[in-house]
Structure formats: structure tokens, C-alpha cells
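Structure, as C-alpha cells:
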Amino acid sequence: MTAKPEMIEFQDVHKYYGTYHALRGITATIKAGEFFSLLGPSGCGKTTLLRTIAGFEGISSGAVLIDGKNMAGVPANKRPTNMVFQSYAIFPHLTVAENVGFGLRRDPGSAAEKAGKVAEALEMVGLKGYGDRAAHALSGGQRQRVALARALILKPKVLLLDEPLSALDKKMREQMQVELIRLQRQVGITFILVTHDQEEALVMSDRIAVMFEGEIAQLADPETLYRRPATRQVANFIGTMNFLPAQVISENGGTVEVDAQGFGRVTLNADQVSAAAAEGTTVGFRPETLTLLYDGQTAVDRDSMATVEEVVYYGDMTYYDLKLDGTDAPVRISMRNVFGRPVLDIGTRTKVAWSPGALVLFR
Amino acid sequence: MKSSGLRIYTIGYLIFLYAPIALLPIFAFNNSKIVAFPLSGVTTEWFVQMWNDQSLREAMMNSLIISGTTAVLATTLGIFAARASTRFSFPGKGGIMGLIMLPLVLPEMIVAMSMLVVLIGIGVPLSKLTIILGHVLICTPFAVAILSSAFQSLDKSLEEAAYDLGETPLSTFRLIILPLVMPGIVSSLLISFTISLDEFIIANFLGGSTKVLSSYIYGQFRFPANVPAMLALGTILVCISIMLLATAEYFRRRGLAKTGAKDTGGFL
């Protein structure tokens with residue numbers, strides 16, 4: 001992968017609504033051709049940040065640059081961005097083709113050229129032949145596609161997507177996720193997605209900015225975000241993470257020696273150390289990084305003894321609440337159900353395998 | 001027993017409400033100068049007499065000018081107020097909107113009297129113009145009520161989407177907002193027109209010597225010979241009123257259906 005030029009640049013962006021501080025010094029860059037997500041709980045400022053790119057929200061201080069140009073004073077209708085709205089905002093009094101071709105009104109091309117572009121855009125989103133339909137008669141998924149075609153027909157530098165899948169049912173949502181990824185690769189335009197769904201962000205994005213209370217808590221690719229969350233807040237927001245109390249024994253250059261409940265003494269690398277705010281020093285790990293050891297199996301790395309406290313059977317997976325020896329509270333682990341391996345009963349004593357590389361120290 | 005009592009009450013109520021109106025066309029076609037049963041035969045004489053009445057024509061012309069102008073002015077003011085109240089927030093909004101809507105429940109007598117005092121005080125001669133002023137005052141709240149529901153059902157992101165696709169605020173208003181609230185505008189025009197056409201007190205107080213339809217008809221009832229012709233006119237007015245209100249309601253409902261909004265009540 002070669003370094004890509006920067007498409008969007010936020011320089012210390014602040015936004016106030018009266019006395020409410022909605023954006024608190026956002027500094028970040030989004031690369032050209034990237035599928036970028038703004039992820040966070042509702043009210044974290046992700047939609048506000050997206051709307052500052054579109055030009056629907058002004059900023060109180062700082063700068064927003066698109067393709068190197070400062071957007072201060074540039075109104076929404078003059079920006080090289082197009083948006084897919086959460087409500088889709090399909091014009092109900094127009095046909096599908098009129099909706100999709102709406103942005104071409106100021107295009108100098110002939111009517112035939114425009115009709116060609118509309119047909120092309122409709123085909124791209126899988127709505128070939130729907131041009132003459134009335135827009136208000138479409139289903140949710142079809143509206144979504146019309147909104148996409150309408151926004152992409154102007155070939156914007158950046159496509160902004162404001163929770164575009166939140167109104168769809170689960171099956172439709174998963175299908176559209178895959179289609180959006182395919183579409184983004186096909187057109188090569190920078191996509192910026194706002195979502196509160198961490199799974200959606202992980203599935204679709206090249207990079208994700210996790211936001212809390214008007215600030216970016218971590219900006220990273222999905223794998224880093226999942227495996228090495230920068231703060232405990234990020235760890236809790238993305239997937240499930242277990243935490244056990246720990247103490248730092250010594251720090252030696254790049255490594256930290258830790259005494260953690262249930263794990264004993266482990267040595268962690270510098271990249272395994274994250275921030276914990278006021279919650280005390282803990283080690284965290286994901287449910288799938290601990291593995292039950294059945295008779296005859298031995299741990300590749302390290303192992304501990306534990307008691308099964310709760311069993312939740314999901315068909316393909318089983319979730320166990322385990323109490324590791326020497327700990328006060330149970331931790332949750334997940335095991336893929338494989339033929340020949342029974343689901344353990346509550347109360348069973350078992351060995352679990354783990355590896356220091358899967359641990360993250362929060363302090 | 002209880003339910004049959006209620007049924008009788010309901011039927012009685014409806015008869016009381018509509019029987020007088022039903023009598024209009026009956027006597028309008030009755031071949032007798034005296035408005036009383038028994039009926040004595042069918043005639044269209046009263047319609048002919050009405051048609052040839054020159055002062056009626058003049059009153060009709062005045063009424064059309066007044067109602068047409070009132071409808072346009074009230075609806076235009078209604079568009080401004082409805083847009084402001086649904087899209088923007090400003091200090092004192094609740095109070096201002098309340099005061100705009102107040103003439104809806106204010107006795108017309110009070111409006112008519114106070115306007116008369118003011119107009120005479122500042123020396124404005126009473127004419128069609130002064131009637132129009134009074135009618136705009138009482139029609140605007142109706143226009144605001146109808147148009148607010150039309151503007152309310154507009155999703156704000158529709159405007160943003162048009163803006164995002166390169167349109168200016170002005171062209172967005174023309175291409176998106178106006179077509180979507182047009183049914184509300186038509187409905188507001190029709191209802192304002194109907195209210196103004198029917199109005200009697202203000203037209204009488206502020207009209208001076210200007211005769212409009214309502215005051216002219218009232219005057220004619222002093223001459224028994226002219227009553228059947230007025231019933232013929234009444235018959236036509238009933239038909240026109242029903243048509244106008246039905247059209248207004250049709251446009252209001254179509255507007256809601258188009259934007260996919262929920263019906264939150266109307267006049268019919």
C-alpha cells in the first residue's frame with residue numbers, strides 16, 4: 001500500500017451550540033479513496049462532524065480542508081461532497097430517474113447524455129429499469145439505492161453517509177454493507193460513514209475514528225481498534241472485553257512486567273499498554289482469546305485453572321462465564337462448538353489456555 | 001332503550017342541521033311567490049329573475065374581487081408565518097404564533113367594530129379595500145393552520161439534499177418546497193375564499209355603501225317578492241361551497257399522501 005494523499009483534513013475543529021461544546025478539538029486526516037467511519041454512541045458529535053464536511057454546520061474555530069482547500073465560507077451547494085441522508089431524503093414528488101438526475105440540472109450536457117448518466121447510475125446500484133417509478137412507492141432498500149445513485153451521479157470527491165443502514169432490517173443491512181464496500185471499490189471515491197454500530201464499522205471500514213463526547217478517542221484500522229483499544233472506553237464500545245485487576249511490577253524500556261489476577265506475572269510489550277482513565281490498573285482481553293483445554297490438550301503458551309459458572313449456548317458458539325482461580329469476578333469467553341467436543345456443565349473445573357500477547361494493560 | 005334514545009337524538013340533530021339547507025333548493029324550484037307548503041309546481045323562473053338582477057350582479061362582482069384578493073393575501077401571509085413557525089426558532093415564537101391565531105376565536109363583531117373605529121379615526125373611506133383588510137385578518141389564521149401542517153410534514157433533509165446537490169436556497173424553495181406544499185396552498189386559497197365569500201359582519205361594518213353578496217341577500221329578505229330568487233341564489237352558493245371545500249380537502253389529503261405523512265386532521 002502506498003501512501004495516499006489527504007482528502008479531508010480537520011485542524012483543531014471546535015463547534016459550540018450556545019454553551020454546549022459539541023466538537024472539542026478534532027484533528028484528523030482522511031485519505032483519498034478510503035472507506036472511513038465515524039463511530040460512537042449517539043450524541044458523541046459524529047454526525048455534527050460529518051455535517052461540517054458537507055457544509056450544513058459551520059464550525060466555531062479550526063479548519064476543515066477538502067482536497068487541500070479550506071472550506072471556510074464555502075456553502076454546501078459549492079462543496080465537492082454529496083450526502084446520503086439517514087432518512088434518504090428522496091424527493092417524493094419526483095420519479096426515480098428525476099431524483100437520481102436531480103444534481104445534473106446545472107450540468108451543461110444534452111438531455112440524452114443526462115439520461116445515459118442516470119441509467120448508468122441506476123444500473124450501478126442495481127435498480128436498472130426503475131427510472132419511471134414514483135419515488136414514494138419504493139421500499140426502504142430501494143430508497144437507499146436511489147439515494148446512493150443520486151449522490152454518486154455527480155462524481156463527488158467525497159461521499160458522506162449518515163447512518164444509511166440504520167432504517168433497514170438486519171438481513172437487508174448486511175446485504176447493503178457488502179454492496180457498499182463493492183461500490184466503494186468500484187468508484188474509488190472517498191466514503192465517510194457515520195454509524196453507532198461497531199460491527200458495521202468493523203466490517204466496512206479501512207479506518208475508524210471512535211468518538212466520545214466531541215473528541216476522537218482512537219483513530220485506527222479495525223484490527224488495531226479491536227486488538228489494541230487505546231482506552232478502556234474504546235474497549236468497552238467495540239466488542240466485549242474482560243477486565244481483571246493488575247499491578248505493574250516493573251517497567252524496563254519497551255516492556256512492562258505486570259502481576260494480573262488469574263494470570264500471574266506476565267511481560268507485555270509497549271503497544272499493549274493503553275489508557276484507563278480513573279478505573280484503576282487492569283488487564284483486558286477479548287472472549288475468544290481464552291480457550292478451554294479438553295482432556296489431553298496442552299496449552300501452546302500459558303494456562304490457568306478455572307471453574308465454569310454459567311453456560312450460554314448459541315448453536316455455533318457457546319459462551320462460558322469462567323471464574324479463574326485467584327479472581328473475584330467471572331470473565332466471559334467464547335468457544336466455537338466443534339463436533340466431538342461436549343459443552344461443559346456449570347461447576348466443571350477446567351484448564352484454559354491463553355497467551356500474554358492477547359492481553360492489553362489499561363492504566 | 002338507551003341506544004335507541006341516542007339514535008333518535010342523532011337523527012333529530014342531523015335534521016335540525018340540514019333540513020333548512022335542504023329546503024333551499026325545494027323552494028327555489030317551487031312555482032309560488034310564497035315560501036310555504038304545499039308546493040305548487042316546478043319552475044326555473046326564480047333563477048331567471050336572479051340572473052337578470054343588475055344589483056345582484058354588482059354585489060357578486062364585489063364579492064368575487066374581495067374574496068379572491070383576500071384568499072391570495074391571507075395565503076401569502078400564511079406561507080410566511082407557517083414557514084417561520086415550522087423551520088426557525090426565534091424569541092417569543094409561541095406568543096407571536098398565538099396572537100396570529102387569535103382571530104380564529106375572537107368574535108368578528110369585535111374585529112369589525114374596532115377596525116371601524118380605527119379606519120374612521122384615521123379617515124380611510126370605507127370601500128372594498130377596507131372589507132379586504134378585515135377579511136385578511138380573519139382568514140390568515142385559517143391559512144396558517146392549513147399551511148403549517150403542510151410545512152410540518154416536510155422533512156428538513158429534503159431541503160438539505162437539494163442544497164447538497166448544487167441548488168441555491170431559492171431554487172430549492174422553487175423545486176422542492178413549493179411543489180410539496182402546493183396542495184396546502186391550494187387548500188388554503190379555497191378555504192380563505194369561501195370564508196370571505198360567506199362573511200357578513202365585517203362586510204357590513206366596513207363596507208360602507210359597498211354591497212357584497214351576503215349583505216345584499218340579507219337586504220332582499222325585506223321584500224317578500226324577492227325571496228324565491230334569493231333561495232335560487234342560495235341553492236347555487238350551497239353547491240359552489242360544497243365543491244370548493246371538497247376540492248380543498250382533496251388537495252390537502254393528496255399533499256399528505258405525496259409526502260408520505262400521517263393525516264393529523266383537517267376541516268372535513
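Letters A, B, ... go to the chains of the C-alpha cells in the order shown; residues in each chain start at 1; ligands are counted from 1 in the same order.
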
Original post:
Any idea which chain A residues end up within 9 Å of chain B if we count only C-alpha atoms, as a PyMOL selection string please?
Top reply: chain A and resi 54-56+75-79+81-93+102-106+136+150-151+154

Show me, as number ranges by chain, the residues that have an atom within 8 Å of Thr350 (chain A) when counting only C-alpha atoms, minus same-chain residues fewer than 4 positions from it.
A: 292-294, 305-308

Could you save the residues just selected, with N, CA and C atoms, as a PDB file, in the first residue's frame?
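Contents of result28.pdb, as written:
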```pdb
ATOM      1  N   LEU A 292     -10.747 -23.093  26.190  1.00  0.00           N
ATOM      2  CA  LEU A 292     -10.870 -24.230  27.109  1.00  0.00           C
ATOM      3  C   LEU A 292      -9.967 -25.352  26.631  1.00  0.00           C
ATOM      4  N   LEU A 293      -9.295 -26.004  27.560  1.00  0.00           N
ATOM      5  CA  LEU A 293      -8.479 -27.169  27.191  1.00  0.00           C
ATOM      6  C   LEU A 293      -9.216 -28.434  27.591  1.00  0.00           C
ATOM      7  N   TYR A 294      -9.444 -29.324  26.626  1.00  0.00           N
ATOM      8  CA  TYR A 294     -10.112 -30.589  26.917  1.00  0.00           C
ATOM      9  C   TYR A 294      -9.051 -31.620  27.262  1.00  0.00           C
ATOM     10  N   MET A 305      -6.184 -22.393  35.768  1.00  0.00           N
ATOM     11  CA  MET A 305      -7.332 -23.206  36.146  1.00  0.00           C
ATOM     12  C   MET A 305      -8.539 -22.286  36.384  1.00  0.00           C
ATOM     13  N   ALA A 306      -9.737 -22.855  36.050  1.00  0.00           N
ATOM     14  CA  ALA A 306     -10.946 -22.047  36.211  1.00  0.00           C
ATOM     15  C   ALA A 306     -12.141 -22.938  36.500  1.00  0.00           C
ATOM     16  N   THR A 307     -13.226 -22.314  37.017  1.00  0.00           N
ATOM     17  CA  THR A 307     -14.486 -23.021  37.271  1.00  0.00           C
ATOM     18  C   THR A 307     -15.573 -22.413  36.375  1.00  0.00           C
ATOM     19  N   VAL A 308     -16.376 -23.293  35.740  1.00  0.00           N
ATOM     20  CA  VAL A 308     -17.467 -22.812  34.881  1.00  0.00           C
ATOM     21  C   VAL A 308     -18.617 -22.317  35.760  1.00  0.00           C
TER      22      VAL A 308
END
```

Taken to one decimal, the CA of Val203 (chain A)-CA of Val100 (chain A) distance is 27.6 Å

Backbone DSSP call of helix (DSSP H, G or I) for region 45-205 of chain A, listed as a PyMOL selection string
chain A and resi 46-54+76-78+96-100+102-106+111-124+135-137+140-152+170-187+198-204

Practice prompt. Would you list the contacts of Pro183 (chain B) as a PyMOL selection string, taking every protein, DNA or RNA residue within 10 Å and counting only C-alpha atoms, but skipping same-chain residues closer than 5 positions in sequence?
Written response: chain B and resi 146-147+150+178+188-189+248-256+258

Just want the 12 Å neighbourhood of Asp295 (chain A), counted on only C-alpha atoms, with same-chain residues fewer than 5 positions away dropped. Output as a JSON list (two decimals) with N, CA and C atoms, in the first residue's frame.
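The resulting result-v6.json:
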```
[["chain", "number", "residue", "atom", "x", "y", "z"],
["A", 341, "ARG", "N", -16.67, -32.28, 20.73],
["A", 341, "ARG", "CA", -16.36, -31.62, 22.00],
["A", 341, "ARG", "C", -17.64, -31.25, 22.71],
["A", 342, "PRO", "N", -17.87, -31.85, 23.88],
["A", 342, "PRO", "CA", -19.11, -31.57, 24.59],
["A", 342, "PRO", "C", -19.13, -30.15, 25.17],
["A", 349, "ARG", "N", -14.55, -28.05, 36.66],
["A", 349, "ARG", "CA", -13.21, -27.48, 36.77],
["A", 349, "ARG", "C", -12.50, -27.72, 35.45],
["A", 350, "THR", "N", -11.87, -26.69, 34.92],
["A", 350, "THR", "CA", -11.24, -26.86, 33.61],
["A", 350, "THR", "C", -9.98, -26.02, 33.50],
["A", 351, "LYS", "N", -9.15, -26.40, 32.56],
["A", 351, "LYS", "CA", -7.93, -25.66, 32.28],
["A", 351, "LYS", "C", -8.21, -24.75, 31.09],
["A", 352, "VAL", "N", -7.72, -23.51, 31.14],
["A", 352, "VAL", "CA", -7.85, -22.64, 29.97],
["A", 352, "VAL", "C", -6.48, -22.18, 29.50]]
```

* Asked: Contacts of region 193-195 of chain B at 10 Å or less, counting only C-alpha atoms, minus same-chain residues fewer than 5 places along, as an MDAnalysis selection string?
  -> chainID B and resid 63:64 66:72 74:75 135 138:139 142 187:188 200 240:242 244:245

Selected residues written out with N, CA and C atoms, as a PDB file, in the first residue's frame:
```
ATOM      1  N   SER B  63     -68.077  40.789  -4.371  1.00  0.00           N
ATOM      2  CA  SER B  63     -67.725  39.631  -3.547  1.00  0.00           C
ATOM      3  C   SER B  63     -66.565  38.847  -4.141  1.00  0.00           C
ATOM      4  N   LEU B  64     -66.612  38.640  -5.453  1.00  0.00           N
ATOM      5  CA  LEU B  64     -65.544  37.869  -6.096  1.00  0.00           C
ATOM      6  C   LEU B  64     -64.203  38.594  -5.966  1.00  0.00           C
ATOM      7  N   ILE B  66     -63.345  40.826  -3.672  1.00  0.00           N
ATOM      8  CA  ILE B  66     -62.922  40.818  -2.266  1.00  0.00           C
ATOM      9  C   ILE B  66     -62.404  39.435  -1.864  1.00  0.00           C
ATOM     10  N   SER B  67     -63.164  38.393  -2.182  1.00  0.00           N
ATOM     11  CA  SER B  67     -62.777  37.043  -1.748  1.00  0.00           C
ATOM     12  C   SER B  67     -61.505  36.583  -2.435  1.00  0.00           C
ATOM     13  N   GLY B  68     -61.399  36.897  -3.733  1.00  0.00           N
ATOM     14  CA  GLY B  68     -60.192  36.491  -4.472  1.00  0.00           C
ATOM     15  C   GLY B  68     -58.962  37.166  -3.889  1.00  0.00           C
ATOM     16  N   THR B  69     -59.043  38.477  -3.680  1.00  0.00           N
ATOM     17  CA  THR B  69     -57.900  39.208  -3.135  1.00  0.00           C
ATOM     18  C   THR B  69     -57.571  38.727  -1.726  1.00  0.00           C
ATOM     19  N   THR B  70     -58.612  38.551  -0.923  1.00  0.00           N
ATOM     20  CA  THR B  70     -58.399  38.066   0.446  1.00  0.00           C
ATOM     21  C   THR B  70     -57.687  36.723   0.450  1.00  0.00           C
ATOM     22  N   ALA B  71     -58.145  35.811  -0.403  1.00  0.00           N
ATOM     23  CA  ALA B  71     -57.557  34.469  -0.451  1.00  0.00           C
ATOM     24  C   ALA B  71     -56.064  34.553  -0.761  1.00  0.00           C
ATOM     25  N   VAL B  72     -55.709  35.373  -1.761  1.00  0.00           N
ATOM     26  CA  VAL B  72     -54.304  35.474  -2.160  1.00  0.00           C
ATOM     27  C   VAL B  72     -53.477  36.106  -1.043  1.00  0.00           C
ATOM     28  N   ALA B  74     -54.186  36.410   2.278  1.00  0.00           N
ATOM     29  CA  ALA B  74     -54.140  35.586   3.500  1.00  0.00           C
ATOM     30  C   ALA B  74     -53.201  34.406   3.309  1.00  0.00           C
ATOM     31  N   THR B  75     -53.241  33.788   2.118  1.00  0.00           N
ATOM     32  CA  THR B  75     -52.391  32.631   1.872  1.00  0.00           C
ATOM     33  C   THR B  75     -50.921  33.040   1.807  1.00  0.00           C
ATOM     34  N   HIS B 135     -61.154  40.993   6.162  1.00  0.00           N
ATOM     35  CA  HIS B 135     -61.210  39.564   5.806  1.00  0.00           C
ATOM     36  C   HIS B 135     -59.850  38.893   5.872  1.00  0.00           C
ATOM     37  N   ILE B 138     -59.190  37.866   9.433  1.00  0.00           N
ATOM     38  CA  ILE B 138     -59.830  36.650   9.964  1.00  0.00           C
ATOM     39  C   ILE B 138     -59.463  35.401   9.163  1.00  0.00           C
ATOM     40  N   CYS B 139     -59.027  35.542   7.897  1.00  0.00           N
ATOM     41  CA  CYS B 139     -58.691  34.354   7.092  1.00  0.00           C
ATOM     42  C   CYS B 139     -57.262  33.866   7.344  1.00  0.00           C
ATOM     43  N   PHE B 142     -56.636  30.765   9.516  1.00  0.00           N
ATOM     44  CA  PHE B 142     -57.003  29.513   8.823  1.00  0.00           C
ATOM     45  C   PHE B 142     -55.892  29.104   7.861  1.00  0.00           C
ATOM     46  N   SER B 187     -55.389  24.440  -1.000  1.00  0.00           N
ATOM     47  CA  SER B 187     -56.397  24.237   0.021  1.00  0.00           C
ATOM     48  C   SER B 187     -56.632  25.530   0.819  1.00  0.00           C
ATOM     49  N   SER B 188     -55.552  26.211   1.150  1.00  0.00           N
ATOM     50  CA  SER B 188     -55.655  27.472   1.893  1.00  0.00           C
ATOM     51  C   SER B 188     -56.366  28.550   1.070  1.00  0.00           C
ATOM     52  N   PHE B 200     -70.301  38.120   6.803  1.00  0.00           N
ATOM     53  CA  PHE B 200     -71.379  39.107   6.795  1.00  0.00           C
ATOM     54  C   PHE B 200     -71.065  40.330   7.656  1.00  0.00           C
ATOM     55  N   ILE B 240     -71.705  25.532  -4.833  1.00  0.00           N
ATOM     56  CA  ILE B 240     -70.333  26.013  -5.015  1.00  0.00           C
ATOM     57  C   ILE B 240     -69.504  25.796  -3.761  1.00  0.00           C
ATOM     58  N   SER B 241     -70.094  26.084  -2.590  1.00  0.00           N
ATOM     59  CA  SER B 241     -69.369  25.909  -1.327  1.00  0.00           C
ATOM     60  C   SER B 241     -68.924  24.468  -1.137  1.00  0.00           C
ATOM     61  N   ILE B 242     -69.857  23.551  -1.374  1.00  0.00           N
ATOM     62  CA  ILE B 242     -69.523  22.128  -1.208  1.00  0.00           C
ATOM     63  C   ILE B 242     -68.382  21.754  -2.142  1.00  0.00           C
ATOM     64  N   LEU B 244     -66.069  23.712  -3.462  1.00  0.00           N
ATOM     65  CA  LEU B 244     -64.804  24.322  -3.057  1.00  0.00           C
ATOM     66  C   LEU B 244     -64.183  23.589  -1.875  1.00  0.00           C
ATOM     67  N   LEU B 245     -64.994  23.295  -0.850  1.00  0.00           N
ATOM     68  CA  LEU B 245     -64.461  22.624   0.336  1.00  0.00           C
ATOM     69  C   LEU B 245     -63.968  21.221   0.004  1.00  0.00           C
TER      70      LEU B 245
END
```

Could you name the residues that touch Gly131 (chain A) at 8 Å or less, counting only C-alpha atoms, but leaving out those on the same chain fewer than 5 positions away, as a PDB file with C-alpha atoms, in the first residue's frame?
```pdb
ATOM      1  CA  THR A  95     -39.777   9.842 -10.242  1.00  0.00           C
ATOM      2  CA  VAL A  96     -36.770   7.666  -9.507  1.00  0.00           C
ATOM      3  CA  ALA A  97     -34.973   8.967 -12.617  1.00  0.00           C
ATOM      4  CA  GLU A  98     -35.760  12.598 -11.756  1.00  0.00           C
ATOM      5  CA  ALA A 119     -29.389   4.913 -16.443  1.00  0.00           C
ATOM      6  CA  LEU A 122     -29.310   3.213 -11.627  1.00  0.00           C
TER       7      LEU A 122
END
```

Given only C-alpha atoms as the basis, pick out the residue of A:Gly284, A:Pro156, A:Pro80, A:Gly214 nearest to Ala246 (chain A).
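Once distances to Ala246 (chain A) are computed over only C-alpha atoms, the minimum belongs to A:Gly284.
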
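Across A:Val283, A:Leu159, A:Ile30, A:Met204, the tightest approach to Thr231 (chain A) is made by A:Val283 when counting only C-alpha atoms.
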
#### Entry: For Tyr320 (chain A): contacts at 7 Å, only C-alpha atoms, fewer than 2 positions along chain excluded, given as a count of residues only
9

Identify, with DSSP run on backbone atoms, the residues in region 113-284 of chain A assigned to strand (DSSP E), and express the list as number ranges by chain. A: 158-162, 190-195, 207-212, 215-220, 242-252, 255-260, 264-269, 273-274, 282-284

Item to check | Selected residue, from A:Gly73, A:Gly40, A:Gly326, A:Pro356, that lies nearest to Phe237 (chain A) when counting only C-alpha atoms | outcome: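 Nearest candidate to Phe237 (chain A) out of A:Gly73, A:Gly40, A:Gly326, A:Pro356: A:Gly40.
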